[in-house]
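Colleague: Okay, so here is my_file-v1.cif, and as you'll see once you scroll down, it has mmCIF, C-alpha atoms.
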```
data_target
#
loop_
_atom_site.label_atom_id
_atom_site.label_comp_id
_atom_site.auth_asym_id
_atom_site.auth_seq_id
_atom_site.Cartn_x
_atom_site.Cartn_y
_atom_site.Cartn_z
CA MET A 1 96.74 115.75 71.30
CA LEU A 2 98.54 117.04 74.41
CA SER A 3 97.39 117.20 78.02
CA VAL A 4 96.58 120.76 79.08
CA ILE A 5 98.21 120.06 82.48
CA PRO A 6 101.11 117.75 83.31
CA ASN A 7 100.05 114.12 83.62
CA PRO A 8 99.96 112.97 87.27
CA PRO A 9 102.50 110.35 88.24
CA ARG A 10 101.40 106.75 87.87
CA ILE A 11 100.71 105.02 91.18
CA VAL A 12 102.66 101.75 91.29
CA LEU A 13 103.78 99.24 93.91
CA PRO A 14 107.13 97.47 93.91
CA ILE A 15 106.96 93.67 93.73
CA VAL A 16 109.22 91.65 96.00
CA GLY A 17 111.78 89.63 94.04
CA SER A 18 111.10 91.43 90.77
CA ASP A 19 111.97 94.62 88.93
CA ASP A 20 108.39 94.78 87.66
CA LEU A 21 105.82 97.19 89.09
CA PHE A 22 102.14 96.77 89.95
CA PRO A 23 99.99 99.68 88.70
CA VAL A 24 97.16 100.67 91.04
CA ARG A 25 93.68 101.51 89.78
CA ARG A 26 91.30 101.80 92.75
CA VAL A 27 91.60 101.40 96.54
CA TYR A 28 88.66 99.77 98.32
CA CYS A 29 88.43 99.29 102.10
CA ILE A 30 86.09 97.14 104.17
CA GLY A 31 84.83 98.43 107.50
CA ARG A 32 84.72 96.56 110.82
CA ASN A 33 85.82 93.19 109.47
CA TYR A 34 87.25 91.85 112.74
CA ALA A 35 84.67 91.15 115.47
CA ALA A 36 86.68 92.70 118.33
CA HIS A 37 87.32 95.87 116.30
CA ALA A 38 83.62 96.11 115.37
CA ARG A 39 82.76 95.98 119.07
CA GLU A 40 85.32 98.63 120.02
CA MET A 41 83.76 100.90 117.38
CA GLY A 42 80.30 100.36 118.87
CA ALA A 43 78.91 97.92 116.29
CA ASP A 44 77.53 94.38 116.49
CA PRO A 45 79.54 92.06 114.20
CA ASP A 46 76.90 89.34 114.42
CA ARG A 47 74.23 91.48 112.74
CA GLU A 48 75.97 94.11 110.65
CA PRO A 49 76.47 93.25 106.95
CA PRO A 50 79.82 94.18 105.37
CA PHE A 51 80.25 97.69 104.02
CA PHE A 52 82.96 99.41 102.02
CA PHE A 53 84.48 102.83 101.48
CA MET A 54 87.22 104.06 99.17
CA LYS A 55 90.46 106.01 99.29
CA PRO A 56 91.99 107.80 96.30
CA ALA A 57 94.86 105.86 94.75
CA ASP A 58 97.19 108.80 95.27
CA ALA A 59 96.61 108.54 99.05
CA LEU A 60 98.95 105.53 98.95
CA GLN A 61 102.36 106.06 100.53
CA VAL A 62 104.73 103.35 99.35
CA VAL A 63 107.02 102.27 102.21
CA PRO A 64 110.25 100.56 101.09
CA GLU A 65 111.57 97.43 102.71
CA ASP A 66 114.28 97.91 105.36
CA ALA A 67 113.60 101.63 105.73
CA VAL A 68 111.76 103.93 108.11
CA ALA A 69 109.51 106.17 106.05
CA GLU A 70 108.49 109.65 107.17
CA HIS A 71 104.72 109.88 107.48
CA PRO A 72 103.27 113.41 107.65
CA TYR A 73 100.65 114.16 110.29
CA PRO A 74 97.68 115.56 108.35
CA PRO A 75 96.02 118.94 108.91
CA ARG A 76 92.63 119.55 110.53
CA THR A 77 92.83 116.75 113.08
CA ALA A 78 93.83 116.25 116.69
CA ASN A 79 93.03 112.52 116.80
CA TYR A 80 94.93 110.64 114.09
CA HIS A 81 94.52 106.85 114.32
CA PHE A 82 96.38 103.82 112.95
CA GLU A 83 94.69 100.68 111.59
CA VAL A 84 96.96 97.87 110.35
CA GLU A 85 95.49 95.81 107.49
CA LEU A 86 96.26 93.07 105.01
CA VAL A 87 95.94 94.43 101.48
CA ALA A 88 94.88 92.17 98.61
CA ALA A 89 95.94 93.26 95.10
CA LEU A 90 93.82 91.98 92.22
CA GLY A 91 95.39 90.60 89.08
CA GLU A 92 92.03 89.80 87.49
CA GLY A 93 88.70 91.62 87.55
CA GLY A 94 85.09 91.09 86.68
CA ALA A 95 81.52 91.61 87.81
CA ASP A 96 79.38 89.23 89.90
CA ILE A 97 82.38 87.00 90.62
CA PRO A 98 81.37 83.72 92.32
CA VAL A 99 82.89 83.40 95.77
CA GLU A 100 84.16 79.91 94.87
CA VAL A 101 86.61 81.37 92.33
CA ALA A 102 87.13 84.87 93.77
CA GLY A 103 90.38 83.96 95.51
CA ARG A 104 91.99 83.22 92.14
CA HIS A 105 91.70 86.93 91.27
CA VAL A 106 94.34 87.89 93.85
CA TYR A 107 97.78 88.68 92.44
CA GLY A 108 99.47 89.34 95.76
CA TYR A 109 99.40 90.81 99.24
CA ALA A 110 100.95 93.72 101.11
CA ILE A 111 100.96 95.27 104.57
CA GLY A 112 98.85 98.42 104.71
CA LEU A 113 97.72 101.07 107.17
CA ASP A 114 94.32 102.74 107.02
CA MET A 115 95.25 106.03 108.69
CA THR A 116 92.19 107.90 109.90
CA ARG A 117 91.37 111.41 111.11
CA ARG A 118 89.12 109.87 113.76
CA ASP A 119 87.68 113.14 115.01
CA LEU A 120 86.51 114.04 111.51
CA GLN A 121 85.16 110.54 110.94
CA ASP A 122 83.25 110.63 114.24
CA GLU A 123 81.76 114.00 113.33
CA ALA A 124 80.70 112.64 109.93
CA LYS A 125 79.02 109.66 111.58
CA LYS A 126 77.01 111.91 113.90
CA LEU A 127 75.88 114.06 110.97
CA ALA A 128 75.24 111.06 108.66
CA ARG A 129 77.77 112.43 106.18
CA PRO A 130 80.37 110.63 104.04
CA TRP A 131 83.66 109.61 105.67
CA ASP A 132 85.97 111.10 103.02
CA LEU A 133 87.49 113.84 105.21
CA GLY A 134 88.30 111.27 107.88
CA LYS A 135 89.55 108.47 105.66
CA ALA A 136 91.01 110.00 102.50
CA ALA A 137 93.72 112.38 103.70
CA ASP A 138 96.94 112.69 101.72
CA PHE A 139 99.28 109.77 102.53
CA SER A 140 96.48 108.06 104.53
CA ALA A 141 97.21 104.63 103.01
CA PRO A 142 100.81 103.62 103.73
CA ILE A 143 101.61 100.32 102.02
CA GLY A 144 104.58 98.00 101.79
CA PRO A 145 105.88 96.13 98.74
CA LEU A 146 103.69 93.54 97.08
CA HIS A 147 104.30 89.83 97.65
CA ARG A 148 103.02 87.53 94.92
CA VAL A 149 100.58 84.78 95.86
CA GLU A 150 102.96 82.20 94.38
CA ALA A 151 105.52 83.20 97.01
CA VAL A 152 103.37 83.60 100.14
CA GLY A 153 100.21 81.53 99.55
CA GLY A 154 96.64 82.53 100.29
CA LEU A 155 97.24 84.11 103.73
CA ALA A 156 93.99 82.90 105.29
CA SER A 157 95.66 82.91 108.71
CA GLY A 158 98.68 84.41 110.44
CA ALA A 159 99.54 87.09 112.99
CA ILE A 160 98.83 90.75 112.21
CA THR A 161 100.24 93.34 114.63
CA LEU A 162 101.12 97.00 115.06
CA ASP A 163 103.56 98.52 117.56
CA VAL A 164 104.02 102.18 118.47
CA ASP A 165 107.47 102.99 119.87
CA GLY A 166 107.93 99.32 120.72
CA ASP A 167 104.59 99.00 122.54
CA ARG A 168 102.16 96.44 121.07
CA ARG A 169 98.89 98.22 120.25
CA GLN A 170 97.15 95.86 117.81
CA ALA A 171 97.33 92.07 117.68
CA GLY A 172 95.11 89.64 115.84
CA ASP A 173 95.06 86.81 113.35
CA LEU A 174 93.99 86.95 109.72
CA SER A 175 91.68 84.03 110.44
CA ASP A 176 89.65 86.38 112.68
CA MET A 177 88.19 88.19 109.65
CA ILE A 178 84.39 88.12 109.65
CA TRP A 179 84.29 88.18 105.83
CA SER A 180 87.07 86.29 104.03
CA ILE A 181 88.98 87.81 101.14
CA PRO A 182 87.10 85.72 98.53
CA GLU A 183 83.82 86.85 100.10
CA GLN A 184 84.94 90.48 100.00
CA ILE A 185 85.91 90.22 96.34
CA ALA A 186 82.64 88.50 95.43
CA LEU A 187 80.52 91.07 97.23
CA LEU A 188 82.46 94.07 95.89
CA SER A 189 82.01 92.73 92.38
CA THR A 190 78.23 93.01 92.76
CA TYR A 191 78.61 96.78 93.26
CA PHE A 192 81.52 97.53 90.90
CA THR A 193 83.16 95.89 87.92
CA LEU A 194 86.53 95.10 89.46
CA ALA A 195 89.70 95.32 87.40
CA PRO A 196 93.36 94.34 87.56
CA GLY A 197 95.16 96.89 89.69
CA ASP A 198 92.43 97.23 92.31
CA LEU A 199 93.46 97.00 95.97
CA ILE A 200 91.32 95.87 98.89
CA PHE A 201 92.23 96.87 102.45
CA THR A 202 90.68 93.91 104.25
CA GLY A 203 90.01 95.24 107.75
CA THR A 204 91.85 95.76 111.02
CA PRO A 205 91.98 93.95 114.38
CA SER A 206 91.09 95.66 117.64
CA GLY A 207 93.38 98.11 119.40
CA VAL A 208 93.21 101.04 116.99
CA GLY A 209 94.29 104.30 118.56
CA PRO A 210 96.01 107.65 118.16
CA VAL A 211 99.56 108.29 117.10
CA GLU A 212 101.51 111.52 117.65
CA ARG A 213 104.33 113.33 115.86
CA GLY A 214 107.68 111.75 116.64
CA GLN A 215 106.27 108.28 117.26
CA THR A 216 107.25 105.27 115.15
CA MET A 217 104.75 102.69 113.91
CA LEU A 218 105.87 99.15 113.08
CA ALA A 219 103.31 97.01 111.22
CA GLN A 220 103.83 93.29 110.72
CA ILE A 221 101.93 90.45 109.02
CA ALA A 222 103.18 86.87 109.08
CA GLY A 223 104.78 86.05 105.75
CA LEU A 224 105.00 89.66 104.61
CA GLY A 225 107.64 91.10 106.92
CA THR A 226 107.27 94.60 108.37
CA ILE A 227 106.87 98.23 107.41
CA SER A 228 107.98 101.10 109.62
CA LEU A 229 106.97 104.77 109.66
CA VAL A 230 107.83 107.74 111.86
CA VAL A 231 105.13 110.39 112.15
CA THR A 232 106.43 113.87 111.31
#
```
Spit out the file's structure as structure tokens when you get a sec.
Modeller:
Amino acid sequence: MLSVIPNPPRIVLPIVGSDDLFPVRRVYCIGRNYAAHAREMGADPDREPPFFFMKPADALQVVPEDAVAEHPYPPRTANYHFEVELVAALGEGGADIPVEVAGRHVYGYAIGLDMTRRDLQDEAKKLARPWDLGKAADFSAPIGPLHRVEAVGGLASGAITLDVDGDRRQAGDLSDMIWSIPEQIALLSTYFTLAPGDLIFTGTPSGVGPVERGQTMLAQIAGLGTISLVVT
């Protein structure tokens, strides 16, 4: 039996120190997972329970090491924002995963950006509509190569930053997360049966803001190096 249309390309991430590839299944994102960012978005981190949204896997833009990738400015927005995030890639799945063992499901980590058409997201919030048009644009999830847990450890702490044209815009520490990565995995697994190949964008520190065509973003997480993109 043949496909009636050409099969779409498989979404895979390169793995640092290996010729192997990591196939991606789903992309989950947690909202407002750093207290200072929750406050800058008008929320109360002490009362608000965690919530999640999703991006399509083909919204990933793989950014090679030691290169400046071209990142296209999306249509239908005049307020395009950056959000630097640690991405956890799952090597094991399951449902109702106990938080005590959830961390063992992580295969590796990468630097990611949750790029957002903020004007469309803000409009959706006002109208109580889904965030898809704001969050799921083409190329809205730039991501660097995957670093295996065996090489970098659990990454429960460490600096996470983003610069635009050399100016520091975001700065935080992974330890500032409201909900830890094991907690995120455990909670997600009560809503979905997770599987190997799933990615979790684990939240962003404060300082999110707009980026314009011609500007260069440099994202860095301790232990994972940097990724760099110029907006075109």
Colleague: Step by step, work through what the PyMOL selection byres ((chain A and resi 212-214) around 10) selects in the shown file, and finish by giving those residues as a list in words.
Modeller: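 Taken on the displayed file, the PyMOL selection byres ((chain A and resi 212-214) around 10) yields the residues Glu70, His71, Pro72, Tyr73, Ala78, Asn79, Tyr80, His81, Val164, Asp165, Pro210, Val211, Gln215, Thr216, Met217, Leu229, Val230, Val231 and Thr232 of chain A.
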Colleague: Please report the interatomic distance between CA of Asp20 in chain A and CA of Gln61 in chain A in Å with one decimal.
Modeller: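 About the pair CA of Asp20 in chain A and CA of Gln61 in chain A: they are 18.1 Å apart.
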Colleague: In Å, how far is it from CA of Arg168 in chain A to CA of Asp132 in chain A?
Modeller: 28.3 Å
Colleague: Would you kindly return, as a count of residues only, each protein, DNA or RNA residue with an atom no farther than 10 Å from any atom of range 120-122 of chain A, considering all atoms listed in the file and excluding same-chain residues fewer than 4 positions away?
Modeller: 16
Colleague: As an exercise, work out the distance from CA of Val87 in chain A to CA of Asp119 in chain A in Å and give it to one decimal place.
Modeller: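 Separating CA of Val87 in chain A from CA of Asp119 in chain A is a distance of 24.5 Å.
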Colleague: Please evaluate the PyMOL selection byres ((chain A and resi 159) around 12) against the displayed coordinates and give the resulting residues as a ChimeraX atom specification.
Modeller: /A:84-86,111,155-158,160-162,170-177,204-205,219-226
Colleague: In terms of the shortest atom-to-atom distance over all atoms listed in the file, which of A:Phe139, A:Ser18, A:Tyr109, A:Ser189 is closest to Val152 in chain A?
Modeller: A:Tyr109
Colleague: Determine the residue set returned by the PyMOL selection byres ((chain A and resi 144) around 7) for the present structure, and present it as a PyMOL selection string.
Modeller: chain A and resi 62-64+110-112+143+145-146+227
Colleague: Around (95.5, 108.9, 103.8), as given in the file, which residues come within 9 Å? Count all atoms listed in the file and list them as a PyMOL selection string.
Modeller: chain A and resi 55-56+58-61+74+113-117+134-142
Colleague: Which residue, A:Val149, A:Ala186, A:Ala57, A:Ala43, has the smallest gap to Ile11 in chain A when you use only C-alpha atoms?
Modeller: A:Ala57
Colleague: Can you pull out every residue within 10 Å of Asn33 in chain A, counting all atoms listed in the file, but drop anything in the same chain fewer than 5 positions away, and send it as a PyMOL selection string?
Modeller: chain A and resi 38+45+48-51+176-180+184+202-205
Colleague: List the spatial neighbours of range 92-100 of chain A as a list in words - criterion: any atom at most 12 Å away, all atoms listed in the file, same-chain residues fewer than 6 positions off excluded.
Modeller: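 Listing them by chain and then by number gives Arg25, Arg26, Val106, Tyr107, Gly108, Trp179, Ser180, Ile181, Pro182, Glu183, Gln184, Ile185, Ala186, Leu187, Leu188, Ser189, Thr190, Tyr191, Phe192, Thr193, Leu194, Ala195, Pro196, Gly197, Asp198 and Leu199 of chain A.
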Colleague: Return the single residue from A:Gly153, A:Glu83, A:Ile15, A:Ala88 that is closest to Gly209 in chain A, with distances computed using only C-alpha atoms.
Modeller: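 Smallest distance to Gly209 in chain A is found for A:Glu83.
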Colleague: Can you work out which one of A:Leu21, A:Val208, A:Val12, A:Ile5 has the shortest atom-to-atom distance to Arg118 in chain A, counting all atoms listed in the file?
Modeller: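 Of A:Leu21, A:Val208, A:Val12, A:Ile5, the one nearest Arg118 in chain A is A:Val208, counting all atoms listed in the file.
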Colleague: Can you put N, CA, C and O atoms back into range 138-152 of chain A and show it as a CSV table (one decimal), in the coordinates of the input?
Modeller:
```csv
chain,number,residue,atom,x,y,z
A,138,ASP,N,95.7,113.0,102.4
A,138,ASP,CA,96.9,112.7,101.7
A,138,ASP,C,97.8,111.7,102.6
A,138,ASP,O,97.9,111.9,103.8
A,139,PHE,N,98.4,110.7,101.9
A,139,PHE,CA,99.3,109.8,102.5
A,139,PHE,C,98.6,108.9,103.6
A,139,PHE,O,99.2,108.3,104.4
A,140,SER,N,97.2,108.8,103.5
A,140,SER,CA,96.5,108.1,104.5
A,140,SER,C,96.5,106.6,104.3
A,140,SER,O,95.8,105.8,105.1
A,141,ALA,N,97.2,106.1,103.3
A,141,ALA,CA,97.2,104.6,103.0
A,141,ALA,C,98.6,104.2,102.8
A,141,ALA,O,99.0,103.8,101.7
A,142,PRO,N,99.5,104.2,103.9
A,142,PRO,CA,100.8,103.6,103.7
A,142,PRO,C,100.7,102.1,103.3
A,142,PRO,O,99.8,101.4,103.8
A,143,ILE,N,101.6,101.7,102.5
A,143,ILE,CA,101.6,100.3,102.0
A,143,ILE,C,103.0,99.8,101.7
A,143,ILE,O,103.9,100.6,101.2
A,144,GLY,N,103.3,98.6,102.1
A,144,GLY,CA,104.6,98.0,101.8
A,144,GLY,C,104.6,97.4,100.4
A,144,GLY,O,103.7,97.4,99.6
A,145,PRO,N,105.8,96.8,100.1
A,145,PRO,CA,105.9,96.1,98.7
A,145,PRO,C,104.9,94.9,98.6
A,145,PRO,O,104.5,94.3,99.6
A,146,LEU,N,104.6,94.6,97.4
A,146,LEU,CA,103.7,93.5,97.1
A,146,LEU,C,104.4,92.2,97.0
A,146,LEU,O,105.4,92.0,96.4
A,147,HIS,N,103.8,91.2,97.7
A,147,HIS,CA,104.3,89.8,97.6
A,147,HIS,C,103.4,89.0,96.8
A,147,HIS,O,102.1,88.9,97.1
A,148,ARG,N,103.9,88.3,95.8
A,148,ARG,CA,103.0,87.5,94.9
A,148,ARG,C,102.5,86.3,95.6
A,148,ARG,O,103.1,85.7,96.5
A,149,VAL,N,101.2,85.9,95.3
A,149,VAL,CA,100.6,84.8,95.9
A,149,VAL,C,101.4,83.5,95.7
A,149,VAL,O,101.5,82.7,96.6
A,150,GLU,N,102.1,83.4,94.6
A,150,GLU,CA,103.0,82.2,94.4
A,150,GLU,C,104.1,82.1,95.4
A,150,GLU,O,104.5,81.0,95.7
A,151,ALA,N,104.4,83.2,96.0
A,151,ALA,CA,105.5,83.2,97.0
A,151,ALA,C,105.0,83.0,98.4
A,151,ALA,O,105.7,82.5,99.3
A,152,VAL,N,103.8,83.6,98.7
A,152,VAL,CA,103.4,83.6,100.1
A,152,VAL,C,102.1,82.8,100.4
A,152,VAL,O,101.7,82.6,101.6
```
